[in-house]
Amino acid sequence: MELAGKAVVVTGGTRGVGAGIARAFLAAGADVVVCARRPPDEPVERDGRQAEFRPLDLREGAAVRDFFAGVAADHGHLDVLVNNAGGTPYRLLDEGEAERHARVVELNLVAPLTASLAARPFLRAARGSVVMIGSVSGGRPSPGTAAYGAAKAGLEGLARSMAVEWAPEVRVNTLVLGMVRTELSALHYGDAEGLARVGATVPLGRLAEPEEVGAAAVFLASPGAAYISGACLLVHGGGERPAFLDAATVNRSDQRA
């Protein structure tokens with residue numbers, strides 16, 4: 001229970017990856033507050049401990065500032081902020097106006113900046129940390145989710161600069177996620193066969209589980225990562241096998257068999 005007594009906020013922590021992160025912090029002994037626009041369908045809990053839900057629209061700056069002030073006042077401190085809230089529908093660039101794509105950037109880049117700025121005074125007092133939840137989409141082409149990929153690339157850059165500006169009081173790091181199995185996976189990958197086929201493209205042979213992402217977030221927030229700041233930790237199961245290896249006509253394992 002290395003984070004016992006620490007106060008942690010997980011944005012978008014009511015389902016999926018965010019709920020897995022919240023459960024991992026609960027297991028580490030932290031007091032966890034999750035926020036989203038709507039409450040979870042069922043409480044986020046682990047080992048008999050439950051995360052507190054507070055409603056919040058991260059696009060409303062004044063509400064975000066009031067939220068963090070309230071959490072810090074009620075707990076006496078704020079130690080960790082996990083900027084997890086985000087996401088995007090599948091939409092090719094020419095299928096939407098710039099304003100629609102801009103809303104994706106607002107949610108995935110501007111909202112984490114808004115939350116981090118609002119949390120900074122309290123994190124600084126506690127010598128706490130920020131964990132950004134990035135994506136491999138920020139480092140490779142992201143057709144159908146181009147604005148999301150651009151926002152996640154920007155999030156990594158923001159975190160690196162934030163880590164320098166806010167040091168030494170506040171550490172800032174990014175988890176760069178690959179594919180994660182959540183209750184919404186079917187919308188992206190299809191049925192069980194689709195999930196299995198997609199998982200087979202990952203070197204480790206499967207998608208990540210939300211609480212595996214949570215374990216990495218707990219590490220970055222823990223004393224064990226006290227000298228880690230401005231870093232990007234890849235949580236992607238080994239990445240993706242380069243497509244050219246399967247297209248090439250030399251050095252193929254099936255030809256050597």
# chains A, B, ... in the order shown; residues from 1 in each chain; ligands from 1
>>> select_by_dssp(residues="region 45-150 of chain A", states="helix (DSSP H, G or I)", output="MDAnalysis selection string")
chainID A and resid 61:75 93:95 98:126 136:139 146:150
>>> select_by_dssp(residues="region 79-248 of chain A", states="strand (DSSP E)", output="count of residues only")
22
>>> closest_residue(among="A:Gly237, A:Pro168, A:Gly96, A:Gly214", to="Gly16 (chain A)", atoms="only C-alpha atoms")
A:Gly214
>>> atom_distance(atom1="CA of Gly128 (chain A)", atom2="CA of Ala226 (chain A)")
9.9 Å
>>> atom_distance(atom1="CA of Gly230 (chain A)", atom2="CA of Asn173 (chain A)")
5.1 Å
>>> closest_residue(among="A:Ala4, A:Leu175, A:Ala27, A:Pro223", to="Arg46 (chain A)", atoms="only C-alpha atoms")
A:Ala27
>>> residues_around(residues="Gly29 (chain A)", least_positions_apart="3", cutoff="8 Å", atoms="only C-alpha atoms", output="PyMOL selection string")
chain A and resi 1-6+25-26
>>> write_last_selection(atoms="C-alpha atoms", output="PDB file, in the first residue's frame")
ATOM      1  CA  MET A   1       0.000   0.000   0.000  1.00  0.00           C
ATOM      2  CA  GLU A   2       2.748   2.407  -1.009  1.00  0.00           C
ATOM      3  CA  LEU A   3       0.290   5.229  -1.767  1.00  0.00           C
ATOM      4  CA  ALA A   4      -1.766   4.939   1.423  1.00  0.00           C
ATOM      5  CA  GLY A   5      -3.302   8.257   2.345  1.00  0.00           C
ATOM      6  CA  LYS A   6      -2.505   9.904  -0.985  1.00  0.00           C
ATOM      7  CA  PHE A  25      -4.745   3.302  -7.151  1.00  0.00           C
ATOM      8  CA  LEU A  26      -7.356   1.984  -4.727  1.00  0.00           C
TER       9      LEU A  26
END
>>> residues_around(residues="Asn84 (chain A)", least_positions_apart="6", cutoff="12 Å", atoms="only C-alpha atoms", output="JSON, numbers by chain")
{"A": [9, 10, 11, 12, 13, 14, 15, 16, 17, 18, 19, 20, 21, 22, 34, 35, 36, 58, 107, 108, 109, 111, 112, 113, 115, 116, 130, 131, 132, 133, 134, 135, 152, 155, 174, 175, 176, 177, 210, 213, 214, 217]}
>>> residues_around(residues="Arg65 (chain A)", least_positions_apart="3", cutoff="6 Å", atoms="only C-alpha atoms", output="list in words")
Ala62, Phe68 and Ala118 of chain A
>>> residues_around(residues="Arg91 (chain A)", least_positions_apart="2", cutoff="9 Å", atoms="only C-alpha atoms", output="number ranges by chain")
A: 88-89, 93-96, 101, 143-146
>>> atom_distance(atom1="CA of Asp31 (chain A)", atom2="CA of Ala51 (chain A)")
7.1 Å
>>> residues_around(residues="Ala208 (chain A)", least_positions_apart="6", cutoff="8 Å", atoms="only C-alpha atoms", output="compact mmCIF listing (two decimals) with C-alpha atoms, in the first residue's frame")
# COMPACT_ATOMS: atom_id res chain seq x y z
CA GLY A 178 -1.50 0.78 -27.34
CA MET A 179 -4.73 -1.15 -27.60
CA VAL A 180 -6.64 -1.87 -24.39
CA ARG A 181 -9.53 -4.28 -23.90
CA HIS A 236 1.77 -1.28 -25.91
CA GLY A 237 2.73 -4.94 -25.62
